[in-house]
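See below for the structure under consideration.
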Amino acid sequence: MPGQPPADHVICPCFNVKQSRIIHCLDSGGARDLEDIRILSRAGAGCGGCEFEVEALVEAFYRKHESSGLSQRQRTLRRLLIANKRLIVWNKELLRRVRSTLKPRPSFFGAWWTEGKGLHTRIHLCNIASPAAPKRLWTERVTIEVFCDQGRLLGTDERTLGRSESVNLEVRDLLSDKHFSGHGLLRVKYHNRRALGSKRFYSHYYGEQGLTLVHEKLSGYRKGPGGYWTLSGVPSASNLDTHLIVSNGTTSPLSGTVTLSNLSGVQRVQPTDLIPPLGTRFIGLREMFSGMNSFLAGQPGTAQVSLRRGVMTCYVVHDREADTWQIQHL
Amino acid sequence: MANPAPLRPVIGYRPNDQTGERWLSLWAWGYETDSTHTTIHMAPTTFTRDTTDRVVLKMQCFNQRVAPVAVYESEPRAPGQHLHVALRDVLATHGLRGFDGPLQIQASLMRDPRPGESRAIEVWATTYTDDGLMSVSYPSVGLAGLLSRSTTGAGIQYVPGVVVNSEHDSELVVLNPYPRDFNVAIRLYRPSGVYLRSPDLPISRLSVLHEPLAHFLPNALDWLAPAGGIGTLMTETTYKMVQYLLVLDRRTGRCSAMDHLLPIYP
């Protein structure tokens, strides 16, 4: 009939669940309500926009079902079937989670490094046990790789850390060319992620003018949907220069956009250069957005970096008068 | 901690409690003196495709009392419309000049959240001094939540690479967002894995403790000297608390870095 949806149309676009699947859950799976449908078919577990439609289907199904008139014994059997089905689903999920924790998996972390111009980088890696569960930690093998801004491997090292041990590493000692001047991505691989979450590191950036530090980033190496990072406080003072640091942790080139907003909500958008695999870009906001001072009008601004997954971002504020640097992750 | 933990107090400070709000609260450090100022940068970022949504931002300043000493509430705003609030202005409307305490920031939509809409705001704070010796930006931290990267995970947090030597000193900032007094203790690890533990220090309810590491461990400088003044700091609190580390240059007095601690998930 014109204007009517087809008999088996998609109810939940988030998980591509069709009407027939929901009817199947109600008929054979024993689902009773929206919550059961969510567990059995995932319909309604996304944006929630289809909840009303699913509920209407459930209501219609049981209205028809009640009119058919099941006996007390049939209803009891159906309830047992539902309970059994839910138990199976939960057991499967539990098993999946237990298996995922037992499987040794490496974890990757990234940080920015720089050498030259009076600024040096060192990292402090540790393998600290948690007092709450000190036995859940073992000797750890760590691989450190240093890439230049074009993604070329400049040096690598491998260390073994005992329980609660830590180590300081100067990045220049890891480079095959000790006098290399530049910057890029530093990637650390902890080989066994099964232990507790104490395997992380801080980076120190130091020179004649002082020391600044920041923790590494791990989100850039997770598989997931696209990346949006917000820096809500871009300084507008004339002596402060803000630079974004964007590293590509993937094996394919990346590009994206940087948006700068002022207090009035006006936005300016600029595309980034193409970042090669494992490469890094050092983006000066003042260079990227000409007339930034007048645009921000003496008020803090907001920068948003929009890129695909596999990206590590942080930002640096350079005080030109004091010649000091401060770094912060996004 | 040595003693078993009492029940976690949650009265009125978490979503779904007295206020009935269903959105994640974020906590930041508010520090305002005659020469030191704090600006709060708030960017509402909801997980919604509906551009007609409106967000209300609310900031409460606590100072050892259950009732906030100052409250700021914005007009309904569109997601993506950013806001920068000077703490000085908020305090002035309540007749206050100085402040040193935790700030609770909440954003709520004008409707009930859908599944997955757990985080609605991105908040950063900037603390700076008039003499230019301090100008640091740092993220606020949530005590609970699902998808936030700035969520504390445990009462045990740490910093690999803490610096205490003749050139630099480190200061720990601990926010107690609970309506009860608690204790905090630190451990300072050498690279070999041996550590020194401080006694438990009290931190008042809804207050901020910010002290150099020597306040917790008077011999911290000597303890880390064989390792070049660099070690690993671990803090132990009864419950999750928001914590930051500041690095100070002893020669110039300049605050050169500030970042939050990392959680350990037991």
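Naming works like this for the structure tokens: A, B, ... for the chains as they're shown, residue 1 at the start of each chain, ligands 1 onward in shown order.
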
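The chain A residues that come within 6 Å of chain B are His124, Ser164, Glu165, Ser166, Val167, Gly197, Ser198, Phe201, Tyr202, Thr212, Leu213, Ser232, Gly233 and Gly265 of chain A, with only C-alpha atoms taken into account.
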
Go ahead and write the selection's residues with C-alpha atoms as a tab-separated table (two decimals), in the first residue's frame.
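Contents of out-v3.tsv, as written:
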chain	number	residue	atom	x	y	z
A	124	HIS	CA	60.23	8.16	32.60
A	164	SER	CA	57.87	-1.53	40.65
A	165	GLU	CA	60.98	-0.55	38.75
A	166	SER	CA	61.26	2.54	36.59
A	167	VAL	CA	63.76	3.98	34.16
A	197	GLY	CA	47.16	-0.18	34.53
A	198	SER	CA	50.40	1.06	35.97
A	201	PHE	CA	54.92	7.28	31.35
A	202	TYR	CA	55.52	10.99	31.60
A	212	THR	CA	57.78	21.16	31.67
A	213	LEU	CA	56.13	17.76	31.68
A	232	SER	CA	38.93	25.49	25.41
A	233	GLY	CA	41.22	28.29	26.47
A	265	GLY	CA	30.75	31.92	18.61

- Message: To test your reading of the structure, identify every residue in region 26-247 of chain B that backbone DSSP assigns to strand (DSSP E or B), and report it as a PyMOL selection string.
- Response: chain B and resi 26-32+36-44+55-61+70-73+77+83-86+99-109+121-129+134-139+141-142+151+156-163+168-176+182-189+195-197+201-203+207-212+230-237+242-247

Write down as a tab-separated table (two decimals) with N, CA and C atoms, in the first residue's frame the residues of region 159-254 of chain B whose backbone DSSP state falls under helix (DSSP H, G or I).
chain	number	residue	atom	x	y	z
B	213	LEU	N	55.98	18.36	48.00
B	213	LEU	CA	56.15	16.97	48.46
B	213	LEU	C	56.90	16.91	49.79
B	214	ALA	N	57.73	17.93	50.07
B	214	ALA	CA	58.47	17.95	51.34
B	214	ALA	C	57.51	18.08	52.52
B	215	HIS	N	56.31	18.57	52.29
B	215	HIS	CA	55.32	18.65	53.36
B	215	HIS	C	54.88	17.25	53.77
B	216	PHE	N	54.82	16.35	52.80
B	216	PHE	CA	54.43	14.96	53.09
B	216	PHE	C	55.64	14.15	53.58
B	220	ALA	N	62.29	14.13	51.20
B	220	ALA	CA	62.07	13.72	49.80
B	220	ALA	C	63.26	14.08	48.92
B	221	LEU	N	63.86	15.23	49.16
B	221	LEU	CA	65.00	15.68	48.35
B	221	LEU	C	66.16	14.70	48.47
B	222	ASP	N	66.49	14.33	49.70
B	222	ASP	CA	67.61	13.40	49.91
B	222	ASP	C	67.27	12.00	49.39
B	223	TRP	N	66.01	11.64	49.52
B	223	TRP	CA	65.61	10.29	49.12
B	223	TRP	C	65.80	10.07	47.62
B	224	LEU	N	65.49	11.10	46.84
B	224	LEU	CA	65.59	10.95	45.39
B	224	LEU	C	66.96	11.39	44.84
B	225	ALA	N	67.80	11.93	45.69
B	225	ALA	CA	69.10	12.44	45.21
B	225	ALA	C	69.92	11.38	44.46
B	226	PRO	N	70.00	10.13	44.92
B	226	PRO	CA	70.78	9.13	44.16
B	226	PRO	C	70.23	8.88	42.75
B	227	ALA	N	68.95	9.19	42.53
B	227	ALA	CA	68.34	8.96	41.21
B	227	ALA	C	68.27	10.25	40.40

- Straight-line distance linking CA of Val141 (chain B) with CA of Leu330 (chain A), stated in Å to one decimal: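 CA of Val141 (chain B) sits 13.0 Å away from CA of Leu330 (chain A).
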
- Message: Set the distance at 12 Å and use only C-alpha atoms: which residues neighbour Ser238 (chain A) once local chain neighbours fewer than 6 positions away are removed? I'd like the list as a list of chain:residue names.
- Response: A:Arg286, A:Gly291, A:Met292, A:Asn293, A:Ser294, A:Leu296, A:Ala297, A:Gly298, A:Gln299, A:Pro300, A:Val317, A:His318, A:Asp319, A:Arg320, A:Glu321

How would the residues just chosen look if you wrote them out with C-alpha atoms as a CSV table (one decimal), in the first residue's frame?
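Wrote result10.csv, looks like this:
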chain,number,residue,atom,x,y,z
A,286,ARG,CA,49.0,32.3,14.9
A,291,GLY,CA,44.9,38.1,12.4
A,292,MET,CA,44.2,35.8,15.4
A,293,ASN,CA,44.7,38.6,17.9
A,294,SER,CA,42.0,40.7,16.5
A,296,LEU,CA,39.9,36.7,19.6
A,297,ALA,CA,39.7,40.4,20.7
A,298,GLY,CA,41.6,39.9,23.9
A,299,GLN,CA,39.4,37.0,25.1
A,300,PRO,CA,40.3,33.3,25.3
A,317,VAL,CA,52.3,27.4,24.8
A,318,HIS,CA,55.5,29.4,24.2
A,319,ASP,CA,56.0,32.6,26.2
A,320,ARG,CA,58.2,34.7,23.9
A,321,GLU,CA,59.1,37.2,26.6

- Polymer residues at most 12 Å from region 39-45 of chain A, only C-alpha atoms, same-chain spacing of 4 or more positions, as a PyMOL selection string: (chain A and resi 10-26+28-35+49-55+57+82+85-90+92-93) or (chain B and resi 114-117)

Could the residues in this selection be written to a file with C-alpha atoms, as a compact mmCIF listing (two decimals), in the first residue's frame?
# COMPACT_ATOMS: atom_id res chain seq x y z
CA VAL A 10 14.90 -1.43 9.37
CA ILE A 11 13.69 -0.36 12.82
CA CYS A 12 17.04 0.44 14.45
CA PRO A 13 19.40 2.16 12.00
CA CYS A 14 22.20 2.24 14.59
CA PHE A 15 22.57 -1.56 14.55
CA ASN A 16 20.66 -2.29 11.35
CA VAL A 17 18.00 -4.35 13.13
CA LYS A 18 15.00 -5.21 11.00
CA GLN A 19 11.41 -5.68 12.09
CA SER A 20 11.57 -9.42 11.40
CA ARG A 21 14.46 -9.77 13.84
CA ILE A 22 12.46 -8.08 16.61
CA ILE A 23 9.42 -10.26 15.88
CA HIS A 24 11.71 -13.28 16.00
CA CYS A 25 13.01 -12.17 19.42
CA LEU A 26 9.43 -11.81 20.64
CA SER A 28 11.08 -17.48 19.55
CA GLY A 29 13.46 -15.61 21.83
CA GLY A 30 10.88 -14.95 24.49
CA ALA A 31 11.52 -11.21 24.83
CA ARG A 32 8.94 -9.42 26.97
CA ASP A 33 9.86 -5.78 26.81
CA LEU A 34 12.22 -3.21 25.35
CA GLU A 35 15.02 -4.24 27.69
CA GLY A 49 15.44 7.02 18.54
CA CYS A 50 13.68 3.75 17.73
CA GLU A 51 12.51 3.03 21.28
CA PHE A 52 8.94 4.11 20.61
CA GLU A 53 8.73 1.95 17.50
CA VAL A 54 10.13 -1.09 19.30
CA GLU A 55 7.75 -0.60 22.20
CA LEU A 57 5.91 -3.62 18.17
CA ILE A 82 12.98 -16.27 28.51
CA LYS A 85 17.75 -17.33 27.01
CA ARG A 86 18.86 -14.30 29.02
CA LEU A 87 21.17 -16.50 31.10
CA ILE A 88 22.82 -17.82 27.96
CA VAL A 89 23.36 -14.29 26.64
CA TRP A 90 24.86 -13.13 29.92
CA LYS A 92 28.42 -15.59 26.66
CA GLU A 93 29.18 -11.96 27.51
CA ARG B 114 19.39 9.27 25.80
CA PRO B 115 21.55 6.16 26.16
CA GLY B 116 25.14 7.06 25.38
CA GLU B 117 24.80 10.75 26.20

- Message: I'd like the interatomic distance between CA of Gln104 (chain B) and CA of Glu75 (chain B), to a tenth of an Å.
- Response: 17.4 Å

- Query: Skipping near chain neighbours, those fewer than 6 positions away, what residues fall within 9 Å of region 144-154 of chain A using only C-alpha atoms, listed as number ranges by chain?
  - Reply: A: 113, 171, 174-177, 182-190, 247-248, 275-282

Could you write out that same residue set with N, CA and C atoms as a tab-separated table (two decimals), in the first residue's frame?
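See part-v7.tsv below for the written result:
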chain	number	residue	atom	x	y	z
A	113	TRP	N	58.30	14.17	21.02
A	113	TRP	CA	59.67	14.42	21.47
A	113	TRP	C	60.28	15.53	20.63
A	171	VAL	N	65.99	10.93	25.16
A	171	VAL	CA	65.64	10.59	23.77
A	171	VAL	C	66.89	10.64	22.87
A	174	LEU	N	68.64	7.52	22.37
A	174	LEU	CA	67.96	6.49	21.57
A	174	LEU	C	68.17	6.70	20.07
A	175	LEU	N	68.63	7.89	19.69
A	175	LEU	CA	68.78	8.20	18.27
A	175	LEU	C	70.06	7.61	17.73
A	176	SER	N	69.98	7.07	16.52
A	176	SER	CA	71.21	6.54	15.91
A	176	SER	C	72.18	7.68	15.59
A	177	ASP	N	71.65	8.84	15.22
A	177	ASP	CA	72.48	10.03	15.03
A	177	ASP	C	72.30	10.91	16.27
A	182	GLY	N	65.46	17.84	15.74
A	182	GLY	CA	64.12	17.75	15.15
A	182	GLY	C	63.10	17.33	16.19
A	183	HIS	N	61.97	16.84	15.70
A	183	HIS	CA	60.91	16.42	16.61
A	183	HIS	C	60.09	15.33	15.93
A	184	GLY	N	59.20	14.72	16.66
A	184	GLY	CA	58.36	13.68	16.07
A	184	GLY	C	57.62	12.89	17.11
A	185	LEU	N	57.24	11.69	16.71
A	185	LEU	CA	56.45	10.80	17.56
A	185	LEU	C	57.36	9.79	18.25
A	186	LEU	N	57.12	9.60	19.54
A	186	LEU	CA	57.83	8.57	20.28
A	186	LEU	C	56.80	7.53	20.69
A	187	ARG	N	57.03	6.30	20.28
A	187	ARG	CA	56.02	5.27	20.53
A	187	ARG	C	56.57	4.24	21.50
A	188	VAL	N	55.80	3.95	22.52
A	188	VAL	CA	56.22	2.98	23.54
A	188	VAL	C	55.23	1.81	23.51
A	189	LYS	N	55.80	0.63	23.47
A	189	LYS	CA	54.95	-0.57	23.43
A	189	LYS	C	55.23	-1.40	24.68
A	190	TYR	N	54.23	-1.51	25.55
A	190	TYR	CA	54.31	-2.44	26.67
A	190	TYR	C	53.76	-3.77	26.16
A	247	SER	N	50.20	13.99	15.93
A	247	SER	CA	50.97	12.85	15.43
A	247	SER	C	50.02	11.80	14.89
A	248	ASN	N	50.43	11.20	13.82
A	248	ASN	CA	49.62	10.18	13.17
A	248	ASN	C	50.14	8.80	13.58
A	275	ILE	N	49.39	14.44	7.01
A	275	ILE	CA	50.38	13.92	7.96
A	275	ILE	C	50.73	12.50	7.53
A	276	PRO	N	52.00	12.21	7.24
A	276	PRO	CA	52.37	10.88	6.79
A	276	PRO	C	52.23	9.86	7.92
A	277	PRO	N	52.20	8.57	7.61
A	277	PRO	CA	52.11	7.54	8.66
A	277	PRO	C	53.24	7.71	9.67
A	278	LEU	N	52.89	7.71	10.94
A	278	LEU	CA	53.82	7.88	12.07
A	278	LEU	C	54.54	9.22	12.02
A	279	GLY	N	54.00	10.14	11.26
A	279	GLY	CA	54.59	11.47	11.18
A	279	GLY	C	53.94	12.43	12.17
A	280	THR	N	54.47	13.64	12.23
A	280	THR	CA	54.01	14.63	13.20
A	280	THR	C	53.97	16.00	12.55
A	281	ARG	N	52.99	16.82	12.93
A	281	ARG	CA	52.92	18.20	12.47
A	281	ARG	C	52.88	19.13	13.68
A	282	PHE	N	53.66	20.18	13.61
A	282	PHE	CA	53.73	21.20	14.65
A	282	PHE	C	53.05	22.44	14.07
